[in-house]
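Q: Can you read through this structure? Questions will come right after.
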Amino acid sequence: GGTPDNYSTTCNSNTASNYVWFQYVVTGTQNTVTVTPGTLQNAAVVYDATGCSDGSIDFCNTGTGTSAVTIVQSNPVGTTVIIGVASANGVNGTFQLCITSGWPGQTGRR
């Protein structure tokens with residue numbers, strides 16, 4: 001159910017992307033974000049740990065078709081991270097978002 005927000009990144013030059021935005025607080029220094037598409041095609045995922053006020057995104061990644069997209073970043077515990085998920089071709093679809101925030105070498109999900 002993303003809506004056009006006229007937001008674009010180097011991962012997605014389409015300015016009419018339908019992003020869905022999420023926020024979480026880091027609980028470990030190693031953070032893995034995985035988006036697994038259901039009906040979503042060509043997923044575009046953005047990861048920002050510096051807040052919206054600076055006008056830039058820290059990292060982005062895209063997938064082809066229904067391939068999963070993963071972003072791995074290190075951030076200090078307590079950092080608020082914003083994640084955006086969209087389709088690189090601007091078409092809404094379903095997906096699963098999984099965030100693992102832990103310590104290097106630690107297994108399990110939080």
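Residue names in the structure tokens use chain letters A, B, ... in the order shown, residue numbers from 1 in each chain, and ligand numbers from 1 in the order shown.
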Could you pull out all residues of segment 9-110 of chain A with a DSSP call of strand (DSSP E) and give them as a PyMOL selection string?

A: chain A and resi 18-25+30-37+43-48+59-62+69-74+80-87+95-102

Q: Can you list, as a list in words, every protein, DNA or RNA residue that comes within 10 Å of segment 30-32 of chain A when you count only C-alpha atoms, leaving out same-chain residues fewer than 5 positions away?

A: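 What passes the distance filter is Thr70, Ile71, Val72, Gln73, Ser74, Asn75, Pro76, Val77, Cys98, Ile99, Thr100, Ser101, Gly102, Trp103, Pro104, Gly105, Gln106 and Arg109 of chain A.
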
Q: Export N, CA, C and O atoms of the chosen residues as a compact mmCIF listing (two decimals), in the first residue's frame?

A:
# COMPACT_ATOMS: atom_id res chain seq x y z
N THR A 70 19.16 -7.71 0.37
CA THR A 70 19.74 -7.67 1.71
C THR A 70 20.67 -6.47 1.84
O THR A 70 21.43 -6.16 0.92
N ILE A 71 20.61 -5.82 2.99
CA ILE A 71 21.51 -4.73 3.34
C ILE A 71 22.11 -5.08 4.69
O ILE A 71 21.39 -5.43 5.63
N VAL A 72 23.44 -5.01 4.80
CA VAL A 72 24.15 -5.24 6.06
C VAL A 72 24.89 -3.96 6.42
O VAL A 72 25.68 -3.46 5.62
N GLN A 73 24.62 -3.43 7.61
CA GLN A 73 25.24 -2.19 8.06
C GLN A 73 25.62 -2.30 9.54
O GLN A 73 24.99 -3.03 10.30
N SER A 74 26.64 -1.56 9.93
CA SER A 74 27.04 -1.47 11.34
C SER A 74 26.66 -0.10 11.86
O SER A 74 26.98 0.92 11.23
N ASN A 75 25.98 -0.10 12.99
CA ASN A 75 25.56 1.15 13.63
C ASN A 75 25.67 1.01 15.14
O ASN A 75 25.51 -0.09 15.66
N PRO A 76 25.87 2.10 15.84
CA PRO A 76 25.92 2.04 17.31
C PRO A 76 24.55 1.64 17.89
O PRO A 76 23.51 2.00 17.34
N VAL A 77 24.58 0.92 18.99
CA VAL A 77 23.35 0.55 19.69
C VAL A 77 22.59 1.83 20.05
O VAL A 77 23.18 2.82 20.46
N CYS A 98 12.54 -8.53 7.19
CA CYS A 98 13.17 -9.17 8.35
C CYS A 98 14.39 -8.35 8.75
O CYS A 98 15.25 -8.06 7.91
N ILE A 99 14.47 -7.98 10.03
CA ILE A 99 15.59 -7.21 10.55
C ILE A 99 16.26 -8.03 11.65
O ILE A 99 15.61 -8.46 12.59
N THR A 100 17.57 -8.23 11.51
CA THR A 100 18.36 -8.89 12.53
C THR A 100 19.35 -7.86 13.05
O THR A 100 20.10 -7.28 12.27
N SER A 101 19.33 -7.60 14.34
CA SER A 101 20.23 -6.64 14.95
C SER A 101 20.92 -7.34 16.10
O SER A 101 20.30 -7.71 17.09
N GLY A 102 22.22 -7.57 15.96
CA GLY A 102 22.95 -8.31 16.98
C GLY A 102 24.42 -7.95 16.98
O GLY A 102 24.82 -6.92 16.44
N TRP A 103 25.21 -8.81 17.54
CA TRP A 103 26.64 -8.61 17.63
C TRP A 103 27.34 -9.51 16.64
O TRP A 103 26.84 -10.60 16.35
N PRO A 104 28.50 -9.12 16.11
CA PRO A 104 29.23 -9.99 15.18
C PRO A 104 29.43 -11.38 15.79
O PRO A 104 29.79 -11.50 16.96
N GLY A 105 29.11 -12.39 15.03
CA GLY A 105 29.23 -13.77 15.48
C GLY A 105 28.02 -14.30 16.20
O GLY A 105 27.91 -15.49 16.47
N GLN A 106 27.07 -13.45 16.55
CA GLN A 106 25.85 -13.85 17.25
C GLN A 106 24.85 -14.40 16.25
O GLN A 106 24.73 -13.90 15.15
N ARG A 109 17.50 -13.94 15.89
CA ARG A 109 16.82 -12.71 15.45
C ARG A 109 16.34 -11.93 16.64
O ARG A 109 16.02 -12.48 17.67

Q: Nearest to Ala88 of chain A: which of A:Gln23, A:Thr66, A:Ser53, A:Thr29 is it, counting only C-alpha atoms?

A: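 Closest residue, counting only C-alpha atoms: A:Thr66.
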
Q: Could you name the residues that touch segment 41-46 of chain A at 12 Å or less, counting only C-alpha atoms, but leaving out those on the same chain fewer than 4 positions away, as a PyMOL selection string?

A: chain A and resi 7-14+17-23+33-37+56-73+81-97

Q: Taking 3 positions as the minimum chain separation for residues in the same chain, which residues sit within 9 Å of Thr79 of chain A when counting only C-alpha atoms? Answer as a VMD selection string.

A: chain A and resid 24 to 27 49 to 50 75 to 76
